[in-house]
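Visitor: Just so it is clear, I am handing over query.pdb, which has PDB, C-alpha atoms and all ligand atoms.
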ATOM      1  CA  MET A   1     -10.783  11.982  26.636
ATOM      2  CA  SER A   2     -12.141  12.531  23.148
ATOM      3  CA  HIS A   3      -9.870  11.978  20.168
ATOM      4  CA  ARG A   4      -9.363  15.065  18.074
ATOM      5  CA  PRO A   5      -8.978  13.983  14.427
ATOM      6  CA  SER A   6      -6.061  15.324  12.418
ATOM      7  CA  ALA A   7      -6.595  17.220   9.139
ATOM      8  CA  ARG A   8      -5.626  14.050   7.256
ATOM      9  CA  GLU A   9      -8.263  12.010   9.061
ATOM     10  CA  ILE A  10     -10.959  14.623   8.440
ATOM     11  CA  HIS A  11     -10.138  14.670   4.758
ATOM     12  CA  ALA A  12     -10.087  10.898   4.321
ATOM     13  CA  GLY A  13     -13.286  10.700   6.367
ATOM     14  CA  GLU A  14     -15.001  13.180   4.065
ATOM     15  CA  ALA A  15     -14.149  11.102   1.029
ATOM     16  CA  ALA A  16     -15.416   7.934   2.711
ATOM     17  CA  ALA A  17     -18.582   9.761   3.791
ATOM     18  CA  VAL A  18     -19.500  10.581   0.183
ATOM     19  CA  GLY A  19     -18.979   6.963  -0.867
ATOM     20  CA  ILE A  20     -15.385   6.994  -2.123
ATOM     21  CA  THR A  21     -14.099   3.479  -1.493
ATOM     22  CA  GLU A  22     -11.368   1.287  -3.002
ATOM     23  CA  PRO A  23     -13.862  -0.486  -5.342
ATOM     24  CA  VAL A  24     -15.200   2.895  -6.564
ATOM     25  CA  ILE A  25     -11.627   4.069  -7.234
ATOM     26  CA  ARG A  26     -10.907   0.865  -9.127
ATOM     27  CA  GLU A  27     -14.012   1.218 -11.276
ATOM     28  CA  LEU A  28     -13.256   4.883 -11.970
ATOM     29  CA  VAL A  29      -9.623   4.269 -12.929
ATOM     30  CA  HIS A  30     -10.431   1.336 -15.216
ATOM     31  CA  ALA A  31     -13.370   3.085 -16.926
ATOM     32  CA  PHE A  32     -11.383   6.320 -17.329
ATOM     33  CA  TYR A  33      -8.315   4.753 -18.926
ATOM     34  CA  GLY A  34     -10.625   2.706 -21.165
ATOM     35  CA  ARG A  35     -11.724   6.062 -22.612
ATOM     36  CA  VAL A  36      -8.192   7.469 -22.676
ATOM     37  CA  ARG A  37      -6.919   4.502 -24.699
ATOM     38  CA  GLN A  38      -9.582   5.093 -27.332
ATOM     39  CA  ASP A  39      -9.074   8.845 -27.514
ATOM     40  CA  PRO A  40      -7.333   9.886 -30.741
ATOM     41  CA  ARG A  41      -5.184  12.558 -29.025
ATOM     42  CA  LEU A  42      -4.360  10.896 -25.710
ATOM     43  CA  GLY A  43      -4.325   7.205 -26.630
ATOM     44  CA  PRO A  44      -1.251   7.294 -28.889
ATOM     45  CA  ILE A  45       0.812   9.157 -26.269
ATOM     46  CA  PHE A  46       0.042   6.508 -23.648
ATOM     47  CA  ASP A  47       0.665   3.654 -26.093
ATOM     48  CA  ARG A  48       4.035   5.164 -26.933
ATOM     49  CA  GLU A  49       5.126   6.164 -23.402
ATOM     50  CA  ILE A  50       3.778   3.467 -21.128
ATOM     51  CA  ALA A  51       6.810   1.641 -19.827
ATOM     52  CA  ASP A  52       5.509  -1.487 -18.097
ATOM     53  CA  GLY A  53       2.158  -2.075 -19.791
ATOM     54  CA  TRP A  54      -1.409  -1.082 -18.972
ATOM     55  CA  ASP A  55      -1.885  -3.491 -16.042
ATOM     56  CA  VAL A  56       0.984  -1.866 -14.162
ATOM     57  CA  HIS A  57      -0.248   1.624 -15.059
ATOM     58  CA  LEU A  58      -3.811   0.882 -13.875
ATOM     59  CA  ALA A  59      -2.578  -0.600 -10.584
ATOM     60  CA  LYS A  60      -0.343   2.448 -10.063
ATOM     61  CA  LEU A  61      -3.216   4.850 -10.737
ATOM     62  CA  CYS A  62      -5.495   2.985  -8.288
ATOM     63  CA  ASP A  63      -2.750   3.450  -5.668
ATOM     64  CA  PHE A  64      -2.434   7.117  -6.661
ATOM     65  CA  TRP A  65      -6.133   7.931  -6.195
ATOM     66  CA  SER A  66      -6.292   5.838  -3.034
ATOM     67  CA  SER A  67      -3.438   7.949  -1.640
ATOM     68  CA  VAL A  68      -4.988  11.238  -2.774
ATOM     69  CA  MET A  69      -8.581  10.602  -1.617
ATOM     70  CA  LEU A  70      -8.248   8.089   1.217
ATOM     71  CA  MET A  71      -4.743   9.026   2.430
ATOM     72  CA  THR A  72      -3.553   5.424   2.326
ATOM     73  CA  GLY A  73      -0.021   6.428   1.288
ATOM     74  CA  ARG A  74       0.110   3.548  -1.170
ATOM     75  CA  PHE A  75       1.355   5.515  -4.169
ATOM     76  CA  LYS A  76       5.101   5.701  -4.575
ATOM     77  CA  GLY A  77       5.857   7.579  -7.742
ATOM     78  CA  GLN A  78       7.209  10.731  -9.343
ATOM     79  CA  PRO A  79       4.330  12.191 -11.384
ATOM     80  CA  MET A  80       6.127  15.480 -12.073
ATOM     81  CA  ALA A  81       9.225  13.789 -13.464
ATOM     82  CA  VAL A  82       7.118  11.325 -15.471
ATOM     83  CA  HIS A  83       5.023  14.029 -17.159
ATOM     84  CA  ALA A  84       7.948  16.416 -17.652
ATOM     85  CA  ALA A  85       9.689  13.647 -19.602
ATOM     86  CA  ILE A  86       6.872  13.528 -22.206
ATOM     87  CA  PRO A  87       8.208  15.965 -24.808
ATOM     88  CA  ASP A  88       4.982  16.779 -26.689
ATOM     89  CA  LEU A  89       2.674  17.167 -23.675
ATOM     90  CA  GLU A  90       0.604  20.366 -24.036
ATOM     91  CA  PRO A  91      -2.148  22.171 -22.110
ATOM     92  CA  ALA A  92      -4.722  20.850 -24.642
ATOM     93  CA  HIS A  93      -3.915  17.314 -23.501
ATOM     94  CA  PHE A  94      -4.755  18.279 -19.925
ATOM     95  CA  VAL A  95      -8.043  19.864 -21.051
ATOM     96  CA  ARG A  96      -9.017  16.641 -22.830
ATOM     97  CA  TRP A  97      -7.825  14.470 -19.913
ATOM     98  CA  LEU A  98     -10.023  16.431 -17.502
ATOM     99  CA  GLU A  99     -12.986  16.289 -19.905
ATOM    100  CA  LEU A 100     -12.799  12.494 -20.080
ATOM    101  CA  PHE A 101     -12.276  12.296 -16.321
ATOM    102  CA  ASP A 102     -15.431  14.396 -15.730
ATOM    103  CA  GLN A 103     -17.452  12.223 -18.117
ATOM    104  CA  THR A 104     -16.338   9.083 -16.287
ATOM    105  CA  LEU A 105     -17.026  10.634 -12.882
ATOM    106  CA  ARG A 106     -20.620  11.343 -13.908
ATOM    107  CA  GLU A 107     -21.065   7.653 -14.747
ATOM    108  CA  VAL A 108     -19.301   6.054 -11.826
ATOM    109  CA  CYS A 109     -19.739   8.368  -8.809
ATOM    110  CA  THR A 110     -22.324  10.222  -6.799
ATOM    111  CA  PRO A 111     -22.342  13.986  -7.542
ATOM    112  CA  GLU A 112     -20.591  14.696  -4.210
ATOM    113  CA  ALA A 113     -17.830  12.187  -4.861
ATOM    114  CA  ALA A 114     -17.471  13.406  -8.446
ATOM    115  CA  ALA A 115     -17.008  17.000  -7.226
ATOM    116  CA  MET A 116     -14.235  15.929  -4.811
ATOM    117  CA  PHE A 117     -12.374  13.940  -7.474
ATOM    118  CA  ALA A 118     -12.762  16.721 -10.062
ATOM    119  CA  ALA A 119     -11.420  19.387  -7.685
ATOM    120  CA  LYS A 120      -8.351  17.273  -6.871
ATOM    121  CA  ALA A 121      -7.710  16.407 -10.524
ATOM    122  CA  GLN A 122      -7.872  20.079 -11.488
ATOM    123  CA  MET A 123      -5.410  21.096  -8.793
ATOM    124  CA  ILE A 124      -2.997  18.310  -9.672
ATOM    125  CA  GLY A 125      -3.329  19.037 -13.405
ATOM    126  CA  GLN A 126      -2.478  22.699 -12.781
ATOM    127  CA  SER A 127       0.517  21.904 -10.639
ATOM    128  CA  LEU A 128       1.810  19.393 -13.197
ATOM    129  CA  GLN A 129       1.478  22.006 -15.945
ATOM    130  CA  LEU A 130       3.239  24.641 -13.850
ATOM    131  CA  GLY A 131       6.068  22.218 -13.128
ATOM    132  CA  ILE A 132       6.390  21.210 -16.780
ATOM    133  CA  ALA A 133       6.431  24.859 -17.929
ATOM    134  CA  ALA A 134       9.072  25.748 -15.337
ATOM    135  CA  ARG A 135      11.307  22.844 -16.376
ATOM    136  CA  ARG A 136      10.996  23.830 -20.017
ATOM    137  CA  GLY A 137      11.742  27.469 -19.176
ATOM    138  CA  GLU A 138       8.328  28.533 -20.515
ATOM    139  CA  LEU A 139       5.607  30.781 -19.175
ATOM    140  CA  PRO A 140       3.020  28.759 -17.256
ATOM    141  CA  PRO A 141      -0.387  28.174 -18.893
ATOM    142  CA  VAL A 142      -3.067  30.724 -17.974
ATOM    143  CA  THR A 143      -5.905  28.301 -17.240
TER     144      THR A 143
HETATM  145  C1  LIG A 201      -4.692  15.925 -13.832
HETATM  146  C2  LIG A 201      -4.137  15.275 -14.852
HETATM  147  C3  LIG A 201      -3.272  14.048 -14.655
HETATM  148  C4  LIG A 201      -3.064  13.260 -13.554
HETATM  149  C5  LIG A 201      -3.683  13.395 -12.163
HETATM  150  C6  LIG A 201      -2.121  12.219 -13.949
HETATM  151  C7  LIG A 201      -1.637  11.236 -13.106
HETATM  152  C8  LIG A 201      -0.622  10.358 -13.419
HETATM  153  C9  LIG A 201       0.098   9.527 -12.475
HETATM  154  C10 LIG A 201      -0.147   9.490 -10.962
HETATM  155  C11 LIG A 201       1.006   8.811 -13.152
HETATM  156  C12 LIG A 201       2.022   7.795 -12.583
HETATM  157  C13 LIG A 201       3.314   8.538 -12.330
HETATM  158  C14 LIG A 201       4.440   7.687 -11.774
HETATM  159  O1  LIG A 201       4.613   6.542 -12.217
HETATM  160  O2  LIG A 201       5.173   8.163 -10.910
HETATM  161  C15 LIG A 201       0.883   9.184 -14.547
HETATM  162  C16 LIG A 201       1.642   8.665 -15.572
HETATM  163  C17 LIG A 201       1.483   9.012 -16.897
HETATM  164  N1  LIG A 201       0.645   9.985 -17.399
HETATM  165 FE1  LIG A 201      -0.553  11.184 -16.338
HETATM  166  N2  LIG A 201      -1.806  12.387 -15.270
HETATM  167  C18 LIG A 201      -2.487  13.486 -15.739
HETATM  168  C19 LIG A 201      -2.436  13.982 -17.020
HETATM  169  C20 LIG A 201      -1.844  13.362 -18.082
HETATM  170  C21 LIG A 201      -1.968  13.780 -19.457
HETATM  171  C22 LIG A 201      -2.757  14.995 -19.961
HETATM  172  C23 LIG A 201      -1.273  12.896 -20.210
HETATM  173  C24 LIG A 201      -1.159  12.963 -21.707
HETATM  174  C25 LIG A 201      -1.275  11.983 -22.500
HETATM  175  C26 LIG A 201      -0.683  11.921 -19.291
HETATM  176  C27 LIG A 201       0.124  10.847 -19.652
HETATM  177  C28 LIG A 201       0.771   9.998 -18.777
HETATM  178  C29 LIG A 201       1.727   8.959 -19.182
HETATM  179  C30 LIG A 201       2.126   8.628 -20.605
HETATM  180  C31 LIG A 201       2.189   8.356 -18.007
HETATM  181  C32 LIG A 201       3.237   7.247 -17.894
HETATM  182  C33 LIG A 201       2.583   5.905 -17.944
HETATM  183  C34 LIG A 201       3.495   4.760 -17.510
HETATM  184  O3  LIG A 201       4.655   4.658 -17.937
HETATM  185  O4  LIG A 201       3.011   3.932 -16.721
HETATM  186  N3  LIG A 201      -1.053  12.234 -18.021
HETATM  187  N4  LIG A 201      -0.108  10.125 -14.676
END
Have the structure of the file written as structure tokens, please.
Ligand code: HEM
Guide:
Amino acid sequence: MSHRPSAREIHAGEAAAVGITEPVIRELVHAFYGRVRQDPRLGPIFDREIADGWDVHLAKLCDFWSSVMLMTGRFKGQPMAVHAAIPDLEPAHFVRWLELFDQTLREVCTPEAAAMFAAKAQMIGQSLQLGIAARRGELPPVT
């Protein structure tokens, strides 16, 4: 009897098929946060907010993207609560974050893999912004 793959398996398989592997995720995360740290708008927020140091943050973000793209379930965190607790976080920060993420994707990934990462990052960025706006009692951002 043939095994019918679940939606999760199809998704993780797609990512693997376009070359998304743990080493690629590691390279992406490290290169991306290298840019973030040097960015005049984003860097200071991270330097101020990061609780347990960059090594812990980078390991956490590798787990995050591994969970999102390869469905490994390794990430155990509360991204909404973490971002909602940053008082001066604005839509412009998300625009810049996504810009730097796209730049890094072009360097590190194949075009197919880059498109999958970018689509996920955009969706997650939007849902974080919606959640933040709702918690602050504001109107959600339009973009
Ligand atoms: C699509 C956009 C973004 C994604 C996917 C993302 C993802 C994440 C994740 C998964 C975490 C770990 C959460 C946890 O520990 O539970 C995190 C933490 C954090 N993010 Fe974001 N983020 C995004 C945008 C931003 C932006 C625009 C900023 C602005 C500077 C930001 C600043 C931070 C900070 C300061 C932390 C806490 C670091 C720490 O204490 O380790 N993030 N982010």
Visitor: Using all atoms listed in the file, which residues sit within 10 Å of Arg96 (chain A) once same-chain residues fewer than 3 positions away are excluded, as an mmCIF file with C-alpha atoms, in the coordinates of the input?
Guide:
data_model
loop_
_atom_site.group_PDB
_atom_site.id
_atom_site.type_symbol
_atom_site.label_atom_id
_atom_site.label_comp_id
_atom_site.auth_asym_id
_atom_site.auth_seq_id
_atom_site.Cartn_x
_atom_site.Cartn_y
_atom_site.Cartn_z
ATOM 1 C CA VAL A 36 -8.192 7.469 -22.676
ATOM 2 C CA ASP A 39 -9.074 8.845 -27.514
ATOM 3 C CA ARG A 41 -5.184 12.558 -29.025
ATOM 4 C CA LEU A 42 -4.360 10.896 -25.710
ATOM 5 C CA PRO A 91 -2.148 22.171 -22.110
ATOM 6 C CA ALA A 92 -4.722 20.850 -24.642
ATOM 7 C CA HIS A 93 -3.915 17.314 -23.501
ATOM 8 C CA GLU A 99 -12.986 16.289 -19.905
ATOM 9 C CA LEU A 100 -12.799 12.494 -20.080
ATOM 10 C CA PHE A 101 -12.276 12.296 -16.321
ATOM 11 C CA ASP A 102 -15.431 14.396 -15.730
#
Visitor: Pick out the residues no farther than 9 Å from ligand LIG 201 (chain A), counting only C-alpha atoms and all ligand atoms, and list them as a PyMOL selection string.
Guide: chain A and resi 36+41-58+60-65+75-83+86+88-98+101+118+120-129
Visitor: Select, from A:Ala59, A:Arg35, A:Ala85, A:Met69, the residue with the minimum atom-to-atom distance to Gly13 (chain A), counting only C-alpha atoms.
Guide: A:Met69
Visitor: Could you please determine the separation between CA of Ile20 (chain A) and CA of Tyr33 (chain A) in Å, to one decimal place?
Guide: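 Between CA of Ile20 (chain A) and CA of Tyr33 (chain A) the gap works out to 18.4 Å.
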Visitor: Calculate how many Å separate CA of Glu112 (chain A) from CA of Gly19 (chain A), rounding to one decimal.
Guide: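 Here the two named atoms are 8.6 Å from each other.
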Visitor: From the set A:Ala12, A:Val24, A:Ala31, A:Ala84, which residue has the shortest atom-to-atom contact distance to Gly137 (chain A), counting only C-alpha atoms?
Guide: A:Ala84
Visitor: Mind giving me the straight-line distance from CA of Met71 (chain A) to CA of Ala16 (chain A) in Å, one decimal?
Guide: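 Taking CA of Met71 (chain A) and CA of Ala16 (chain A), their separation equals 10.7 Å.
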Visitor: Export region 33-47 of chain A from the structure block above, keeping N, CA and C atoms, as a compact mmCIF listing (two decimals), in the first residue's frame.
Guide:
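Output contents, as saved in selection.txt:
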# COMPACT_ATOMS: atom_id res chain seq x y z
N TYR A 33 21.90 38.09 10.50
CA TYR A 33 22.05 38.87 11.73
C TYR A 33 23.37 39.62 11.78
N GLY A 34 24.36 39.19 10.97
CA GLY A 34 25.56 40.01 10.80
C GLY A 34 25.20 41.37 10.23
N ARG A 35 24.29 41.38 9.24
CA ARG A 35 23.83 42.65 8.66
C ARG A 35 22.97 43.43 9.64
N VAL A 36 22.08 42.73 10.33
CA VAL A 36 21.18 43.39 11.28
C VAL A 36 21.99 44.13 12.35
N ARG A 37 23.02 43.48 12.85
CA ARG A 37 23.83 44.09 13.93
C ARG A 37 24.47 45.39 13.47
N GLN A 38 24.81 45.45 12.17
CA GLN A 38 25.48 46.65 11.66
C GLN A 38 24.51 47.72 11.19
N ASP A 39 23.22 47.38 11.15
CA ASP A 39 22.25 48.34 10.62
C ASP A 39 21.96 49.42 11.66
N PRO A 40 22.04 50.71 11.25
CA PRO A 40 21.87 51.77 12.24
C PRO A 40 20.49 51.82 12.89
N ARG A 41 19.44 51.32 12.22
CA ARG A 41 18.10 51.35 12.84
C ARG A 41 17.82 50.10 13.65
N LEU A 42 18.22 48.94 13.12
CA LEU A 42 17.86 47.68 13.78
C LEU A 42 18.88 47.28 14.85
N GLY A 43 20.16 47.50 14.56
CA GLY A 43 21.23 47.04 15.45
C GLY A 43 21.04 47.48 16.89
N PRO A 44 20.82 48.79 17.13
CA PRO A 44 20.68 49.25 18.51
C PRO A 44 19.51 48.61 19.27
N ILE A 45 18.42 48.30 18.56
CA ILE A 45 17.28 47.67 19.24
C ILE A 45 17.68 46.28 19.72
N PHE A 46 18.35 45.52 18.84
CA PHE A 46 18.80 44.18 19.24
C PHE A 46 19.79 44.27 20.39
N ASP A 47 20.78 45.18 20.26
CA ASP A 47 21.79 45.29 21.32
C ASP A 47 21.16 45.61 22.67
